[in-house]
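Engineer: I have a structure here, written as structure tokens, and I will follow up with some questions on it.
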Amino acid sequence: MLSVLDMFRVGVGPSSSHTVGPMRIAQRYGQRLARRTWPDGARVVVTLMGSLAFTGHGHGTLRAVALGLLGHAPERFDAAAAEADLAGISQSHRLACGLGFDPASDIRLDYDSRDLLHPNAMRLAVMAGDDVLAQEDWFSTGGGFIASRRQLQRAAPADRVDTGKQVPHNFGSAAELLAIAEATGLSLAEIVLANEDAMRSRGATLAGLDRVIAVMLACIDRGLTTTGILPGGLKVERRAPALWQQLQDGRSANEPERLFDWLNVYAMAVNEENAAGGQVVTAPTNGAAGILPAVMKHYCDTDDHRRRFLLTAGAVGLLYKQRASISGAEMGCQGEVGVACSMAAAGLAAVWNASPQQVANAAEIGMEHNLGLTCDPVGGLVQIPCIERNAIGAVKAANAARLALHRSGHGRVSLDQVIETMRQTGIDMSHKYKETSQGGLAVNVVEC
């Protein structure tokens, strides 16, 4: 089993698959390079392919690759140190291991390669002139997960937790998860927590969850108070602070419409921070990072509620990750905002003391009404329509949970069926609607 903590990675914006994943890949590759001796004049060349090429500039991929090779990691990112190191490499054109590297010329964009194992592909090589001394292909598979070519060819999920132990409740589908709940009388959160106990101590798991919660809430706080124009050239103004001030002053809409404003402002605060390159939690991706924190912030007022929310949401996220994909480059935005909406709906239903079946129903409703959602970021930036789309997703998640509470038995559509439908829809979807900025709003909205 994957760990639920793998679904919630602390990283930096604007994209988990285009920023966090490539930085992790480059850092890992750089560590390998430092263990070997290379001839004079050898240099590192990185080629970005597929979606990483098409939206690499807007998603900060080139910068992330350079920072990874310089030793930076998303989970402990230091913005000031990053800027200093980038300035240094632009002058020295040399990595600490002695290999040459000029980010301006040694990161190349390949728009033509097709039939990739995954659309977020990277080739990292050490070159001496035209000779290739070493080469590896890596893939950023969504949500900050990464995989080598060998891993994908063997169909081995990336980043599995190697504990040397069997988890007590191994599940590969929603049906299996619900069967475990029925047989044991455990909630979905309790099932996941028991599995986590096989990977680390209970205290370490709870500390990990609390760390995720703290980063989520801190991100909301920063987004509510930071004003200005988002980077990238679209001149998108941060809107969360003004809406937050209206709510504080009591100048927002009356109830129940006011509920929308609370969810909207929290979700937008997170995604405006993400668009600015701030610290966020992949939930399950950066592009959809605002939905779970918004719902949690508004509805969960105790540590127990927040942990139960994340554990339940994480259980649903694991199903999407292992049975389909959480990559916008594979599934479109249904694999990001759709999955986050489904996860948040499940978590909220659990906090509202729904039965395991009702929790699964909430997750199913959350996805069913996001099927076919395309990923078409204007200008290759995670801003339009991504920021507002998170606000809409948070409201949908709350409604999905409410609808599920009004139905006690099995729904006509199961969670497994909707996950498989999302997977098939993503496969059928034209590549231009899957994080390439070659279709949809990206070509119909003038960038300047």
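Chain lettering (A, B, ...) mirrors the order of the structure tokens, residue numbering begins at 1 for each chain separately, and ligand numbering begins at 1 in order of display.
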So that I can see what lies close to Leu292 in chain A, please list as number ranges by chain the residues with an atom at most 12 Å from it, counting only C-alpha atoms and leaving out residues fewer than 5 positions away in the same chain.

Structural biologist: A: 7-8, 212-213, 216-217, 220, 263-264, 266-268, 270-271, 280-287, 297-300, 306, 309-314, 317, 336-348, 390-391, 393-398

Engineer: Please save C-alpha atoms of the selected residues as a PDB file, in the first residue's frame.

Structural biologist:
```
ATOM      1  CA  MET A   7      -0.974  11.892  -0.961  1.00  0.00           C
ATOM      2  CA  PHE A   8      -0.247  15.081   0.983  1.00  0.00           C
ATOM      3  CA  VAL A 212       0.170  18.796   6.732  1.00  0.00           C
ATOM      4  CA  ILE A 213      -2.703  20.534   8.520  1.00  0.00           C
ATOM      5  CA  MET A 216      -2.502  24.033   4.791  1.00  0.00           C
ATOM      6  CA  LEU A 217      -3.804  26.503   7.355  1.00  0.00           C
ATOM      7  CA  ILE A 220      -4.671  30.049   3.782  1.00  0.00           C
ATOM      8  CA  LEU A 263     -15.340  28.347   0.896  1.00  0.00           C
ATOM      9  CA  ASN A 264     -14.450  30.560  -2.060  1.00  0.00           C
ATOM     10  CA  TYR A 266     -10.205  29.938   1.533  1.00  0.00           C
ATOM     11  CA  ALA A 267      -9.775  27.996  -1.704  1.00  0.00           C
ATOM     12  CA  MET A 268      -8.707  31.068  -3.669  1.00  0.00           C
ATOM     13  CA  VAL A 270      -4.439  28.764  -1.307  1.00  0.00           C
ATOM     14  CA  ASN A 271      -4.370  28.754  -5.079  1.00  0.00           C
ATOM     15  CA  VAL A 280       1.408  24.464  -0.418  1.00  0.00           C
ATOM     16  CA  VAL A 281       0.344  20.869   0.167  1.00  0.00           C
ATOM     17  CA  THR A 282      -0.398  18.646  -2.818  1.00  0.00           C
ATOM     18  CA  ALA A 283      -3.993  17.650  -2.158  1.00  0.00           C
ATOM     19  CA  PRO A 284      -3.708  15.605  -4.265  1.00  0.00           C
ATOM     20  CA  THR A 285      -1.987  18.088  -6.647  1.00  0.00           C
ATOM     21  CA  ASN A 286      -0.911  21.723  -6.513  1.00  0.00           C
ATOM     22  CA  GLY A 287      -3.396  22.752  -9.180  1.00  0.00           C
ATOM     23  CA  LYS A 297     -10.872  25.152   7.465  1.00  0.00           C
ATOM     24  CA  HIS A 298     -14.597  25.877   7.350  1.00  0.00           C
ATOM     25  CA  TYR A 299     -15.990  22.650   8.790  1.00  0.00           C
ATOM     26  CA  CYS A 300     -13.289  21.045  10.981  1.00  0.00           C
ATOM     27  CA  ARG A 306      -9.083  17.518  10.877  1.00  0.00           C
ATOM     28  CA  PHE A 309     -10.983  14.463   7.372  1.00  0.00           C
ATOM     29  CA  LEU A 310      -7.486  13.922   5.937  1.00  0.00           C
ATOM     30  CA  LEU A 311      -7.335  10.192   6.633  1.00  0.00           C
ATOM     31  CA  THR A 312     -10.678   9.600   4.922  1.00  0.00           C
ATOM     32  CA  ALA A 313      -9.872  11.904   2.024  1.00  0.00           C
ATOM     33  CA  GLY A 314      -6.498  10.199   1.705  1.00  0.00           C
ATOM     34  CA  GLY A 317      -7.107   9.619  -3.032  1.00  0.00           C
ATOM     35  CA  GLU A 336      -6.934  17.090 -10.262  1.00  0.00           C
ATOM     36  CA  VAL A 337      -9.897  19.255  -9.236  1.00  0.00           C
ATOM     37  CA  GLY A 338     -12.274  16.324  -9.784  1.00  0.00           C
ATOM     38  CA  VAL A 339     -10.260  14.028  -7.517  1.00  0.00           C
ATOM     39  CA  ALA A 340      -9.785  16.756  -4.893  1.00  0.00           C
ATOM     40  CA  CYS A 341     -13.536  17.404  -4.875  1.00  0.00           C
ATOM     41  CA  SER A 342     -14.183  13.686  -4.449  1.00  0.00           C
ATOM     42  CA  MET A 343     -11.643  13.426  -1.624  1.00  0.00           C
ATOM     43  CA  ALA A 344     -12.979  16.486   0.188  1.00  0.00           C
ATOM     44  CA  ALA A 345     -16.568  15.276  -0.099  1.00  0.00           C
ATOM     45  CA  ALA A 346     -15.582  11.944   1.460  1.00  0.00           C
ATOM     46  CA  GLY A 347     -13.628  13.604   4.261  1.00  0.00           C
ATOM     47  CA  LEU A 348     -16.451  15.998   5.098  1.00  0.00           C
ATOM     48  CA  ASN A 390     -10.796  25.349  -6.834  1.00  0.00           C
ATOM     49  CA  ALA A 391     -13.426  27.614  -5.304  1.00  0.00           C
ATOM     50  CA  GLY A 393     -14.706  22.496  -6.390  1.00  0.00           C
ATOM     51  CA  ALA A 394     -14.884  23.281  -2.668  1.00  0.00           C
ATOM     52  CA  VAL A 395     -18.553  24.245  -2.913  1.00  0.00           C
ATOM     53  CA  LYS A 396     -19.287  21.101  -4.951  1.00  0.00           C
ATOM     54  CA  ALA A 397     -17.568  18.956  -2.335  1.00  0.00           C
ATOM     55  CA  ALA A 398     -19.752  20.306   0.475  1.00  0.00           C
TER      56      ALA A 398
END
```

Engineer: Hey, what's within 12 Å of Gly232 in chain A if we count only C-alpha atoms and toss same-chain stuff fewer than 3 positions away? As a list in words, please?

Structural biologist: Pro14, His57, Gly58, His59, Gly60, Ile229, Lys235, Val236, Glu237, Ala275, Ala276, Gly277, Val378, Gly379, Gly380, Leu381, Val382, Gln383, Ile384, Glu447 and Cys448 of chain A

Engineer: Export N, CA and C atoms of the chosen residues as a compact mmCIF listing (two decimals), in the first residue's frame?

Structural biologist:
```
# COMPACT_ATOMS: atom_id res chain seq x y z
N PRO A 14 4.16 26.39 -8.77
CA PRO A 14 2.72 26.32 -8.98
C PRO A 14 2.17 24.95 -9.34
N HIS A 57 7.41 26.53 -19.16
CA HIS A 57 7.73 27.91 -18.76
C HIS A 57 6.71 28.43 -17.77
N GLY A 58 5.42 28.28 -18.07
CA GLY A 58 4.38 28.80 -17.19
C GLY A 58 4.29 28.10 -15.86
N HIS A 59 4.65 26.81 -15.83
CA HIS A 59 4.57 26.03 -14.61
C HIS A 59 5.88 26.04 -13.81
N GLY A 60 6.86 26.77 -14.26
CA GLY A 60 8.11 26.88 -13.51
C GLY A 60 8.99 25.64 -13.56
N ILE A 229 -0.26 41.51 -7.72
CA ILE A 229 -0.48 40.87 -9.01
C ILE A 229 0.34 39.58 -9.06
N LYS A 235 -1.33 39.25 -15.48
CA LYS A 235 -1.74 40.37 -14.63
C LYS A 235 -3.00 40.05 -13.83
N VAL A 236 -3.05 38.82 -13.32
CA VAL A 236 -4.17 38.40 -12.48
C VAL A 236 -3.96 38.96 -11.08
N GLU A 237 -4.96 39.68 -10.59
CA GLU A 237 -4.86 40.27 -9.26
C GLU A 237 -5.34 39.27 -8.20
N ALA A 275 -0.04 29.86 -7.13
CA ALA A 275 0.31 30.53 -8.39
C ALA A 275 1.52 31.43 -8.23
N ALA A 276 1.73 31.92 -7.01
CA ALA A 276 2.87 32.80 -6.73
C ALA A 276 4.12 32.02 -6.35
N GLY A 277 4.03 30.67 -6.36
CA GLY A 277 5.19 29.86 -6.02
C GLY A 277 5.39 29.65 -4.54
N VAL A 378 -4.59 29.02 -19.26
CA VAL A 378 -4.25 30.13 -20.14
C VAL A 378 -2.80 30.54 -19.93
N GLY A 379 -2.06 30.62 -21.01
CA GLY A 379 -0.66 31.01 -20.92
C GLY A 379 0.23 29.99 -20.24
N GLY A 380 -0.28 28.77 -20.05
CA GLY A 380 0.50 27.76 -19.35
C GLY A 380 0.69 28.05 -17.88
N LEU A 381 -0.10 28.98 -17.34
CA LEU A 381 0.02 29.39 -15.94
C LEU A 381 -1.10 28.75 -15.11
N VAL A 382 -0.81 28.45 -13.86
CA VAL A 382 -1.81 27.82 -12.99
C VAL A 382 -2.64 28.91 -12.33
N GLN A 383 -3.37 29.65 -13.16
CA GLN A 383 -4.13 30.81 -12.68
C GLN A 383 -5.55 30.83 -13.24
N ILE A 384 -5.67 30.88 -14.55
CA ILE A 384 -6.99 30.87 -15.21
C ILE A 384 -7.11 29.59 -16.01
N GLU A 447 -3.88 36.33 -24.05
CA GLU A 447 -3.03 36.27 -22.86
C GLU A 447 -2.67 37.63 -22.30
N CYS A 448 -2.68 38.67 -23.11
CA CYS A 448 -2.22 39.97 -22.61
C CYS A 448 -3.35 41.00 -22.59
```

Engineer: Excluding Ser92 in chain A and its own-chain neighbours fewer than 6 positions away, which residues fall within 9 Å of it when counting only C-alpha atoms? Please give them as a list in words.

Structural biologist: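 The contact residues come out as Gly100, Phe101 and Asp102 of chain A.
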
Engineer: Taking into account only C-alpha atoms, which residue in the set A:Ala189, A:Trp352, A:Met429, A:Glu196 is nearest to Arg307 in chain A?

Structural biologist: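 Ranking A:Ala189, A:Trp352, A:Met429, A:Glu196 by distance to Arg307 in chain A, first place goes to A:Ala189.
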
Engineer: Just checking: using only C-alpha atoms, which residue out of A:Leu373, A:Leu2, A:Leu69, A:Leu62 ends up closest to Gly332 in chain A?

Structural biologist: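 The shortest atom-to-atom distance to Gly332 in chain A comes from A:Leu373.
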
Engineer: When you count only C-alpha atoms, which of these residues is closest to Ile25 in chain A: A:Leu5, A:Val46, A:Ala179, A:Ile146?

Structural biologist: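 Comparing A:Leu5, A:Val46, A:Ala179, A:Ile146 against Ile25 in chain A, the winner is A:Ile146.
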
Engineer: Mind the document's chain letters and residue numbers, and return as number ranges by chain the residues of range 109-320 of chain A that DSSP labels strand (DSSP E).

Structural biologist: A: 109-110, 120-128, 131-142, 145-148, 279-281

Engineer: Quick one: distance from CA of His72 in chain A to CA of Val132 in chain A in Å, one decimal?

Structural biologist: 25.3 Å

Engineer: Nearest to Leu177 in chain A: which of A:Asn274, A:Gln91, A:Gln417, A:Gln357 is it, counting only C-alpha atoms?

Structural biologist: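 The shortest atom-to-atom distance to Leu177 in chain A comes from A:Gln357.
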
Engineer: Rounded to one decimal in Å, what is the spacing between CA of Leu415 in chain A and CA of Gly185 in chain A?

Structural biologist: 19.9 Å

Engineer: Using only C-alpha atoms, find the one residue out of A:Gly98, A:Gly233, A:Gly50, A:Pro168 that sits nearest to Arg114 in chain A.

Structural biologist: A:Gly50

Engineer: In terms of the shortest atom-to-atom distance over only C-alpha atoms, which of A:Ala198, A:Met1, A:Ala401, A:Cys386 is closest to Val295 in chain A?

Structural biologist: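 For Val295 in chain A, the nearest of the given residues is A:Ala401.
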
Engineer: Could you pull out the alpha helix (DSSP H) residues of range 38-262 of chain A, going by DSSP on the backbone, and write them as a count of residues only?

Structural biologist: 97

Engineer: Write out as a PyMOL selection string the residues lying within 12 Å of Asp197 in chain A, counting only C-alpha atoms and excluding same-chain residues fewer than 5 positions away.

Structural biologist: chain A and resi 3-4+163+165-169+190-192+202-206

Engineer: Which neighbours of His410 in chain A fall inside 8 Å, counting only C-alpha atoms, when residues of the same chain fewer than 4 positions from it are skipped, and could you give them as an NGL selection string?

Structural biologist: :A and (357-358 or 361 or 414)

Engineer: Would you save the residues of that selection, restricted to N, CA and C atoms, as a JSON list (two decimals), in the first residue's frame?

Structural biologist:
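Final output, out08.json:
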```
[["chain", "number", "residue", "atom", "x", "y", "z"],
["A", 357, "GLN", "N", -20.42, 3.57, 3.71],
["A", 357, "GLN", "CA", -21.09, 3.59, 2.41],
["A", 357, "GLN", "C", -21.47, 5.00, 2.00],
["A", 358, "GLN", "N", -21.93, 5.81, 2.95],
["A", 358, "GLN", "CA", -22.27, 7.20, 2.63],
["A", 358, "GLN", "C", -21.02, 8.00, 2.27],
["A", 361, "ASN", "N", -20.33, 7.16, -1.20],
["A", 361, "ASN", "CA", -21.33, 7.84, -2.04],
["A", 361, "ASN", "C", -20.94, 9.30, -2.25],
["A", 414, "SER", "N", -21.37, 3.31, -8.40],
["A", 414, "SER", "CA", -20.42, 3.07, -7.31],
["A", 414, "SER", "C", -19.17, 3.93, -7.49]]
```
